[in-house]
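Heads up, entry_6.tsv below (TSV, C-alpha atoms and all ligand atoms):
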```tsv
chain	number	residue	atom	x	y	z
A	1	MET	CA	60.23	5.83	42.80
A	2	SER	CA	62.19	4.99	39.66
A	3	PHE	CA	64.10	2.11	38.10
A	4	LEU	CA	67.60	2.77	36.78
A	5	ILE	CA	69.51	0.85	34.09
A	6	VAL	CA	73.28	1.16	34.14
A	7	SER	CA	75.00	-0.62	31.29
A	8	SER	CA	77.81	1.54	30.05
A	9	GLN	CA	79.75	-1.22	28.26
A	10	ARG	CA	76.80	-3.02	26.65
A	11	ASP	CA	73.94	-1.43	24.71
A	12	PRO	CA	70.96	-1.45	27.14
A	13	LYS	CA	68.39	-1.28	24.29
A	14	ALA	CA	67.24	-4.92	24.61
A	15	TRP	CA	66.72	-4.46	28.37
A	16	VAL	CA	64.77	-1.22	27.91
A	17	GLN	CA	62.56	-2.90	25.33
A	18	ALA	CA	61.92	-6.02	27.45
A	19	LEU	CA	61.16	-3.91	30.56
A	20	LYS	CA	58.79	-1.59	28.66
A	21	GLU	CA	57.01	-4.54	27.06
A	22	GLN	CA	56.50	-6.28	30.38
A	23	ASP	CA	55.71	-3.14	32.42
A	24	PRO	CA	54.63	-0.21	30.21
A	25	ASP	CA	54.11	2.04	33.28
A	26	LEU	CA	57.63	1.56	34.64
A	27	ASP	CA	59.35	4.83	35.54
A	28	LEU	CA	62.60	3.99	33.78
A	29	GLU	CA	65.85	5.97	33.73
A	30	VAL	CA	68.91	5.02	31.69
A	31	PHE	CA	72.32	6.07	33.03
A	32	PRO	CA	73.82	8.65	32.60
A	33	GLU	CA	70.66	10.68	31.75
A	34	VAL	CA	68.94	10.58	35.14
A	35	ALA	CA	66.32	13.27	35.78
A	36	ASP	CA	66.04	12.88	39.56
A	37	PRO	CA	68.65	10.66	41.28
A	38	SER	CA	66.77	10.88	44.59
A	39	LYS	CA	63.84	8.94	43.08
A	40	VAL	CA	65.99	5.92	42.13
A	41	GLU	CA	65.46	2.98	44.51
A	42	PHE	CA	66.42	0.06	42.26
A	43	ALA	CA	69.22	-0.34	39.69
A	44	LEU	CA	69.77	-3.00	37.03
A	45	SER	CA	73.49	-3.04	36.45
A	46	TRP	CA	76.31	-4.37	34.28
A	47	LYS	CA	79.89	-3.15	34.77
A	48	HIS	CA	78.92	0.27	36.12
A	49	PRO	CA	81.53	3.04	36.46
A	50	HIS	CA	82.76	2.68	40.06
A	51	GLY	CA	81.55	5.29	42.52
A	52	ILE	CA	78.34	6.27	40.72
A	53	TYR	CA	75.97	4.60	43.17
A	54	LYS	CA	76.99	7.12	45.85
A	55	ASN	CA	74.88	9.62	43.92
A	56	TYR	CA	71.61	7.76	44.54
A	57	PRO	CA	70.74	8.43	48.19
A	58	ASN	CA	67.59	6.27	48.21
A	59	LEU	CA	68.97	3.27	46.33
A	60	LYS	CA	67.94	0.01	48.02
A	61	ALA	CA	69.00	-2.75	45.63
A	62	ILE	CA	71.30	-3.41	42.68
A	63	ALA	CA	70.39	-6.29	40.38
A	64	SER	CA	73.14	-7.80	38.26
A	65	MET	CA	72.20	-8.45	34.63
A	66	GLY	CA	73.98	-11.78	34.90
A	67	ALA	CA	74.80	-14.66	37.24
A	68	GLY	CA	78.06	-13.04	38.37
A	69	ILE	CA	78.10	-10.08	40.74
A	70	ASP	CA	81.88	-9.52	40.98
A	71	HIS	CA	81.49	-6.41	38.80
A	72	ILE	CA	79.23	-4.91	41.48
A	73	ILE	CA	80.97	-5.86	44.70
A	74	ASN	CA	84.38	-4.88	43.32
A	75	ASP	CA	83.18	-1.31	43.82
A	76	PRO	CA	84.15	-0.32	47.40
A	77	ASP	CA	81.69	2.58	47.34
A	78	ILE	CA	78.51	0.51	47.58
A	79	PRO	CA	77.07	0.87	51.08
A	80	GLN	CA	76.51	-2.39	53.01
A	81	HIS	CA	72.75	-1.84	53.40
A	82	ILE	CA	72.21	-2.08	49.61
A	83	LYS	CA	71.04	-5.55	48.59
A	84	ILE	CA	72.71	-7.15	45.58
A	85	THR	CA	70.87	-9.73	43.50
A	86	ARG	CA	71.96	-12.09	40.76
A	87	VAL	CA	70.25	-13.88	37.88
A	88	ILE	CA	69.18	-17.51	38.17
A	89	ASP	CA	67.64	-18.51	34.88
A	90	GLU	CA	66.96	-21.86	33.24
A	91	GLN	CA	67.95	-20.54	29.82
A	92	LEU	CA	71.29	-19.27	31.16
A	93	THR	CA	72.01	-22.72	32.62
A	94	LYS	CA	70.97	-24.51	29.41
A	95	ASP	CA	73.17	-22.25	27.29
A	96	MET	CA	76.15	-22.83	29.59
A	97	SER	CA	75.62	-26.62	29.53
A	98	VAL	CA	75.48	-26.80	25.73
A	99	PHE	CA	78.52	-24.57	25.42
A	100	VAL	CA	80.66	-26.60	27.84
A	101	LEU	CA	79.62	-29.86	26.18
A	102	SER	CA	80.63	-28.39	22.79
A	103	LEU	CA	84.06	-27.35	24.10
A	104	ILE	CA	84.74	-30.75	25.61
A	105	LEU	CA	83.65	-32.61	22.48
A	106	ASP	CA	85.74	-30.29	20.32
A	107	HIS	CA	88.73	-31.18	22.50
A	108	LEU	CA	88.11	-34.95	22.65
A	109	ARG	CA	87.42	-35.33	18.94
A	110	ASN	CA	90.21	-32.88	17.95
A	111	LEU	CA	87.76	-30.93	15.78
A	112	SER	CA	89.48	-27.53	15.87
A	113	HIS	CA	92.80	-29.29	15.31
A	114	HIS	CA	91.52	-31.02	12.16
A	115	TYR	CA	89.82	-27.86	10.83
A	116	CYS	CA	93.04	-25.89	11.20
A	117	SER	CA	95.61	-28.51	10.17
A	118	LYS	CA	94.30	-28.92	6.58
A	119	GLU	CA	95.98	-32.33	6.53
A	120	TRP	CA	94.51	-35.83	6.09
A	121	LYS	CA	96.01	-37.09	9.33
A	122	PRO	CA	93.68	-38.89	11.78
A	123	VAL	CA	94.47	-38.36	15.48
A	124	LYS	CA	93.46	-40.81	18.22
A	125	TYR	CA	90.42	-39.63	20.16
A	126	LEU	CA	88.89	-40.28	23.58
A	127	ARG	CA	85.31	-41.30	24.32
A	128	PRO	CA	83.21	-39.57	27.04
A	129	GLU	CA	83.22	-42.66	29.28
A	130	GLU	CA	87.05	-42.53	29.31
A	131	VAL	CA	87.07	-38.96	30.62
A	132	GLN	CA	86.69	-37.55	34.12
A	133	VAL	CA	85.44	-33.97	34.07
A	134	GLY	CA	86.17	-32.11	37.31
A	135	ILE	CA	84.00	-29.05	37.90
A	136	MET	CA	85.26	-26.35	40.27
A	137	GLY	CA	82.21	-24.67	41.81
A	138	MET	CA	79.03	-26.74	42.10
A	139	GLY	CA	76.46	-23.95	41.94
A	140	VAL	CA	73.46	-23.33	39.73
A	141	LEU	CA	75.30	-23.39	36.41
A	142	ALA	CA	77.61	-26.27	37.32
A	143	VAL	CA	74.74	-28.54	38.35
A	144	GLY	CA	73.13	-28.00	34.93
A	145	VAL	CA	76.45	-28.66	33.19
A	146	ALA	CA	77.00	-31.83	35.25
A	147	GLU	CA	73.56	-33.18	34.29
A	148	LYS	CA	74.26	-32.56	30.61
A	149	LEU	CA	77.67	-34.25	30.81
A	150	ILE	CA	76.32	-37.26	32.71
A	151	ARG	CA	73.56	-37.71	30.08
A	152	ASN	CA	76.37	-37.81	27.52
A	153	LYS	CA	78.20	-40.55	29.45
A	154	PHE	CA	81.01	-38.46	30.98
A	155	ASN	CA	82.28	-39.20	34.48
A	156	VAL	CA	81.77	-36.06	36.56
A	157	THR	CA	83.27	-34.89	39.84
A	158	GLY	CA	82.56	-31.57	41.54
A	159	TRP	CA	84.36	-29.41	44.07
A	160	SER	CA	82.69	-26.72	46.16
A	161	ARG	CA	83.05	-24.91	49.45
A	162	SER	CA	80.39	-26.86	51.32
A	163	GLN	CA	79.52	-30.55	51.09
A	164	LYS	CA	77.02	-31.49	48.34
A	165	GLU	CA	75.01	-34.48	47.23
A	166	ILE	CA	74.33	-34.37	43.50
A	167	LEU	CA	72.97	-37.41	41.70
A	168	GLY	CA	75.65	-39.03	39.55
A	169	VAL	CA	78.42	-36.66	40.65
A	170	THR	CA	81.28	-37.62	42.97
A	171	THR	CA	81.60	-34.56	45.16
A	172	PHE	CA	84.51	-33.01	47.05
A	173	HIS	CA	84.64	-29.89	49.16
A	174	GLY	CA	87.07	-27.54	50.82
A	175	ASP	CA	90.83	-27.22	50.62
A	176	ASP	CA	91.42	-30.62	52.28
A	177	GLN	CA	89.72	-32.47	49.43
A	178	LEU	CA	91.06	-30.37	46.57
A	179	GLN	CA	94.02	-32.69	45.96
A	180	ASP	CA	91.82	-35.80	45.58
A	181	PHE	CA	89.52	-33.89	43.27
A	182	LEU	CA	92.31	-32.54	41.07
A	183	GLU	CA	94.34	-35.70	40.67
A	184	GLN	CA	91.52	-37.46	38.84
A	185	SER	CA	90.35	-34.57	36.59
A	186	ASN	CA	91.34	-35.11	32.95
A	187	VAL	CA	89.27	-32.07	32.04
A	188	LEU	CA	89.15	-29.28	34.60
A	189	LEU	CA	86.23	-26.86	34.24
A	190	CYS	CA	86.16	-23.63	36.27
A	191	LEU	CA	82.66	-22.42	37.17
A	192	LEU	CA	83.54	-20.61	40.38
A	193	PRO	CA	82.38	-17.10	41.19
A	194	LEU	CA	85.20	-14.54	41.30
A	195	THR	CA	85.91	-13.73	44.96
A	196	SER	CA	88.96	-12.80	46.99
A	197	GLU	CA	89.38	-16.55	47.73
A	198	THR	CA	89.07	-17.77	44.15
A	199	GLU	CA	91.07	-15.09	42.32
A	200	ASN	CA	94.24	-16.65	40.78
A	201	ILE	CA	93.09	-20.14	41.81
A	202	LEU	CA	94.01	-21.57	38.38
A	203	ASN	CA	97.74	-21.36	38.95
A	204	LYS	CA	100.86	-23.46	38.46
A	205	ARG	CA	100.58	-25.20	41.85
A	206	LEU	CA	97.04	-26.30	41.04
A	207	PHE	CA	97.88	-27.35	37.46
A	208	GLU	CA	100.74	-29.51	38.75
A	209	ARG	CA	98.23	-31.54	40.76
A	210	LEU	CA	96.24	-32.44	37.62
A	211	PRO	CA	97.07	-35.62	35.70
A	212	GLN	CA	99.58	-35.36	32.84
A	213	GLY	CA	97.77	-34.21	29.69
A	214	ALA	CA	94.80	-32.61	31.49
A	215	TYR	CA	92.78	-29.99	29.63
A	216	VAL	CA	91.63	-26.73	31.27
A	217	ILE	CA	88.39	-24.87	30.54
A	218	ASN	CA	87.65	-21.47	32.07
A	219	VAL	CA	84.14	-20.11	31.51
A	220	ALA	CA	83.95	-18.32	34.88
A	221	ARG	CA	86.04	-15.13	35.09
A	222	GLY	CA	89.42	-14.07	33.67
A	223	PRO	CA	91.08	-13.26	37.03
A	224	HIS	CA	90.66	-16.89	38.16
A	225	LEU	CA	93.55	-17.73	35.84
A	226	VAL	CA	97.24	-16.88	36.19
A	227	GLU	CA	97.89	-16.56	32.48
A	228	GLU	CA	101.69	-17.05	32.53
A	229	ASP	CA	101.25	-20.24	34.56
A	230	LEU	CA	98.86	-21.67	31.99
A	231	LEU	CA	101.28	-20.91	29.14
A	232	GLU	CA	104.17	-22.47	31.06
A	233	MET	CA	102.24	-25.64	31.90
A	234	ILE	CA	101.01	-26.12	28.32
A	235	ASP	CA	104.44	-25.44	26.84
A	236	SER	CA	106.06	-27.90	29.26
A	237	GLY	CA	103.62	-30.57	28.01
A	238	HIS	CA	101.96	-31.08	31.42
A	239	LEU	CA	98.64	-29.68	30.15
A	240	SER	CA	97.33	-30.63	26.71
A	241	GLY	CA	95.65	-27.26	26.14
A	242	ALA	CA	92.88	-24.95	27.22
A	243	SER	CA	89.60	-23.39	26.15
A	244	LEU	CA	89.09	-19.91	27.51
A	245	ASP	CA	85.93	-17.81	27.28
A	246	VAL	CA	86.86	-15.13	29.82
A	247	PHE	CA	89.96	-12.99	30.28
A	248	ARG	CA	91.55	-10.51	32.67
A	249	LYS	CA	91.21	-7.87	29.98
A	250	GLU	CA	88.22	-8.06	27.64
A	251	PRO	CA	88.31	-7.79	24.67
A	252	LEU	CA	91.51	-9.86	24.76
A	253	PRO	CA	94.23	-7.49	23.42
A	254	GLU	CA	95.28	-8.19	19.83
A	255	ASP	CA	98.91	-8.81	20.82
A	256	HIS	CA	98.08	-11.27	23.62
A	257	PRO	CA	100.10	-14.53	23.33
A	258	PHE	CA	96.90	-16.62	23.75
A	259	TRP	CA	95.74	-15.64	20.25
A	260	LYS	CA	98.69	-17.30	18.52
A	261	HIS	CA	98.95	-20.36	20.75
A	262	GLU	CA	97.91	-23.47	18.83
A	263	LYS	CA	96.74	-25.27	21.99
A	264	ILE	CA	94.57	-22.46	23.33
A	265	ARG	CA	91.04	-21.97	22.01
A	266	ILE	CA	89.52	-18.55	22.54
A	267	THR	CA	85.89	-17.47	22.56
A	268	PRO	CA	84.76	-13.90	23.28
A	269	HIS	CA	82.84	-14.31	26.59
A	270	ILE	CA	79.87	-15.98	24.94
A	271	ALA	CA	79.44	-19.14	27.05
A	272	SER	CA	76.04	-18.01	28.27
A	273	VAL	CA	74.63	-14.57	27.69
A	274	THR	CA	71.59	-13.35	29.63
A	275	ASN	CA	68.45	-13.12	27.55
A	276	PRO	CA	66.64	-9.96	28.78
A	277	SER	CA	63.14	-11.18	27.91
A	278	THR	CA	63.44	-14.37	30.00
A	279	VAL	CA	65.08	-12.58	32.93
A	280	VAL	CA	62.99	-9.38	33.13
A	281	PRO	CA	60.10	-11.06	35.04
A	282	GLN	CA	62.40	-11.94	37.98
A	283	ILE	CA	63.87	-8.42	37.94
A	284	LEU	CA	60.42	-6.81	37.94
A	285	GLU	CA	59.29	-9.11	40.71
A	286	ASN	CA	62.17	-7.88	42.88
A	287	TYR	CA	61.32	-4.27	42.01
A	288	GLU	CA	57.77	-4.95	43.17
A	289	ARG	CA	59.14	-6.52	46.35
A	290	ILE	CA	61.20	-3.39	47.06
A	291	LYS	CA	58.02	-1.30	46.70
A	292	GLN	CA	56.19	-3.57	49.15
A	293	GLY	CA	59.11	-3.77	51.60
A	294	LYS	CA	59.42	-7.55	51.10
A	295	GLU	CA	62.58	-9.73	51.08
A	296	LEU	CA	64.18	-9.98	47.61
A	297	ASN	CA	64.80	-13.16	45.64
A	298	ASN	CA	68.31	-14.28	44.56
A	299	VAL	CA	70.12	-12.01	47.01
A	300	VAL	CA	73.86	-12.68	47.27
A	301	ASP	CA	75.78	-13.00	50.51
A	302	ARG	CA	78.09	-9.99	50.58
A	303	GLU	CA	80.34	-11.66	53.18
A	304	LYS	CA	80.93	-14.69	50.91
A	305	GLU	CA	81.07	-12.45	47.80
A	306	TYR	CA	78.67	-14.65	45.79
A	401	LIG	P1	76.74	-20.06	42.16
A	401	LIG	O1	76.89	-18.93	43.12
A	401	LIG	O2	75.41	-20.71	42.02
A	401	LIG	O3	77.79	-21.21	42.56
A	401	LIG	C1	79.08	-20.96	42.98
A	401	LIG	C2	79.73	-22.28	43.39
A	401	LIG	O4	81.11	-22.04	43.66
A	401	LIG	C3	79.13	-22.88	44.67
A	401	LIG	O5	79.02	-24.27	44.56
A	401	LIG	C4	80.17	-22.52	45.75
A	401	LIG	O6	80.25	-23.45	46.82
A	401	LIG	C5	81.45	-22.58	44.94
A	401	LIG	N1	82.49	-21.78	45.58
A	401	LIG	C6	82.52	-20.46	45.84
A	401	LIG	N2	83.66	-20.11	46.47
A	401	LIG	C7	84.36	-21.26	46.62
A	401	LIG	C8	85.63	-21.56	47.20
A	401	LIG	N3	86.38	-20.61	47.77
A	401	LIG	N4	86.03	-22.84	47.17
A	401	LIG	C9	85.26	-23.82	46.64
A	401	LIG	N5	84.06	-23.60	46.06
A	401	LIG	C10	83.62	-22.32	46.06
A	401	LIG	O7	77.28	-19.53	40.77
A	401	LIG	P2	76.76	-19.85	39.28
A	401	LIG	O8	76.86	-21.32	39.05
A	401	LIG	O9	75.45	-19.22	39.02
A	401	LIG	O10	77.84	-19.04	38.40
A	401	LIG	C11	79.22	-19.27	38.52
A	401	LIG	C12	80.00	-18.18	37.77
A	401	LIG	O11	79.93	-18.39	36.36
A	401	LIG	C13	79.46	-16.76	37.92
A	401	LIG	O12	79.89	-16.18	39.15
A	401	LIG	C14	80.09	-16.05	36.73
A	401	LIG	O13	81.33	-15.50	37.08
A	401	LIG	C15	80.31	-17.18	35.71
A	401	LIG	N6	79.48	-17.00	34.49
A	401	LIG	C16	80.10	-16.93	33.27
A	401	LIG	C17	79.35	-16.78	32.11
A	401	LIG	C18	79.99	-16.73	30.76
A	401	LIG	O14	79.31	-16.41	29.78
A	401	LIG	N7	81.27	-17.04	30.62
A	401	LIG	C19	77.88	-16.67	32.16
A	401	LIG	C20	77.33	-16.76	33.48
A	401	LIG	C21	78.12	-16.92	34.60
A	401	LIG	P3	79.03	-23.67	47.86
A	401	LIG	O15	77.92	-24.30	47.04
A	401	LIG	O16	79.57	-24.60	48.85
A	401	LIG	O17	78.66	-22.31	48.36
```
Could you spell out this file's structure in structure tokens?
Ligand code: NDP
Amino acid sequence: MSFLIVSSQRDPKAWVQALKEQDPDLDLEVFPEVADPSKVEFALSWKHPHGIYKNYPNLKAIASMGAGIDHIINDPDIPQHIKITRVIDEQLTKDMSVFVLSLILDHLRNLSHHYCSKEWKPVKYLRPEEVQVGIMGMGVLAVGVAEKLIRNKFNVTGWSRSQKEILGVTTFHGDDQLQDFLEQSNVLLCLLPLTSETENILNKRLFERLPQGAYVINVARGPHLVEEDLLEMIDSGHLSGASLDVFRKEPLPEDHPFWKHEKIRITPHIASVTNPSTVVPQILENYERIKQGKELNNVVDREKEY
């Protein structure tokens, strides 16, 4: 039985090192150099070339290197019996919380504006208690972000699929309550998983339901956002701007209009990056569980797509 790493777009060196350190006897293969595909029962994966998993007849589980699994289930050639797992990691949540807080403070205090303007021209700013942050998706990362924002005196609302009770957060759920959620969000933060239901959810119709001057933050996935709609709504003055960490095409092409837009802040998908050494123990535990025929931890629901 062997353990396969597939990470064709990111250097897998840090993962190999962390796995070897924590399990020196691991029978490890790194795609594409795989000695015996029939021995592979477990794969650790990030943005694999579609179709490759058909070549591993005894594969039982694919573990995502991150919290998102859209890059795995987008591949139609992964048989239904293969379990897919995701990362749930305190460090990942902490990093996301700090990042989102930084983006919101940068927006409220006009920091990027002042750095770039090179003019001695104070601009009026808002305080956290004057701002309602609406979080779309109230999962693992969003709950951590909400706690951080509440500790910093922001008002926080959350919207999810099912009903939630989260201390200090006014919660909404489902399509029926989306309107009430949106109309009070001065800052809209997307932390949804990318699924067939959530793709293109950040569109003109949704933006129109936000208050005048709302600010949009997308740290989830690029295809949540209809890019032309964002540009139109900022240019019309309805939205005050946006901070984007994720894009339909990454790296964001050099000639993309977002780069030159003075009201759009761009970061290169760095909101929260998995740290292999903190995450390897949960991956190895699942590998052990496969060997012992036990249920895996952090399995995603393939029907729901997250
Ligand atoms: P979770 O799976 O824990 O949470 C997802 C949340 O979204 C749940 O609250 C769920 O509702 C809600 N949701 C899903 N579908 C819908 C829908 N159709 N309508 C309303 N709500 C919905 O995800 P995480 O918090 O762990 O991660 C969220 C995403 O963040 C990841 O999928 C990934 O794409 C992105 N990410 C980005 C990173 C970056 O660096 N930019 C880093 C890490 C993750 P319910 O609770 O009712 O099921």
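Using all atoms listed in the file, the smallest distance between any of A:His48, A:Lys164, A:Arg289, A:His256 and ligand LIG 401 (chain A) comes from A:Lys164.
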I'd like to know which of A:Thr198, A:Thr267, A:Asn298, A:Asn203 is closest to ligand LIG 401 (chain A), using only C-alpha atoms and all ligand atoms. A:Thr198
Neighbours of ligand LIG 401 (chain A) within 8 Å, counting all atoms listed in the file, as an MDAnalysis selection string? chainID A and resid 66:70 87:88 92 96 136:143 159:164 173:175 191:195 197:198 218:221 245:246 269:274 304 306
Could you write out as lines of an AutoDock Vina configuration file the box around stretch 81-96 of chain A (axis-aligned, all atoms listed in the file, 5 Å on each side), with centre and edge lengths in Å to one decimal?
```
center_x = 71.6
center_y = -13.2
center_z = 40.3
size_x = 19.2
size_y = 32.7
size_z = 36.1
```
Who sits within 10 Å of stretch 32-44 of chain A, all atoms listed in the file, same chain under 5 positions skipped, as a PyMOL selection string: chain A and resi 1-8+15+27+52-53+55-66+82-85+283+286-287+290-291
Sphere at (97.9, -17.5, 31.5), radius 12 Å, counting only C-alpha atoms: residues as an NGL selection string: :A and (200-204 or 207 or 216 or 218 or 222-235 or 241-244 or 246-249 or 256-259 or 261 or 264)
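With atom CA of A:Lys153 on one side and atom CA of A:Leu206 on the other, the separation reads 26.3 Å.
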Separation of atom CA of A:Tyr215 from atom CA of A:Ser240, in Å and rounded to one decimal: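 Separating atom CA of A:Tyr215 from atom CA of A:Ser240 is a distance of 5.4 Å.
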Could you jot down the atom CA of A:Gln17 to atom CA of A:Lys47 separation for me, Å, one decimal place? 19.7 Å
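For the set A:Gln212, A:Gln9, A:Gln80, A:Thr157, the residue with the smallest atom-to-atom gap to A:Val133 is A:Thr157, counting all atoms listed in the file.
Using all atoms listed in the file, the shortest contact distance between A:Thr93 and any of A:Val145, A:Leu126, A:Leu296, A:Leu108 is found at A:Val145.
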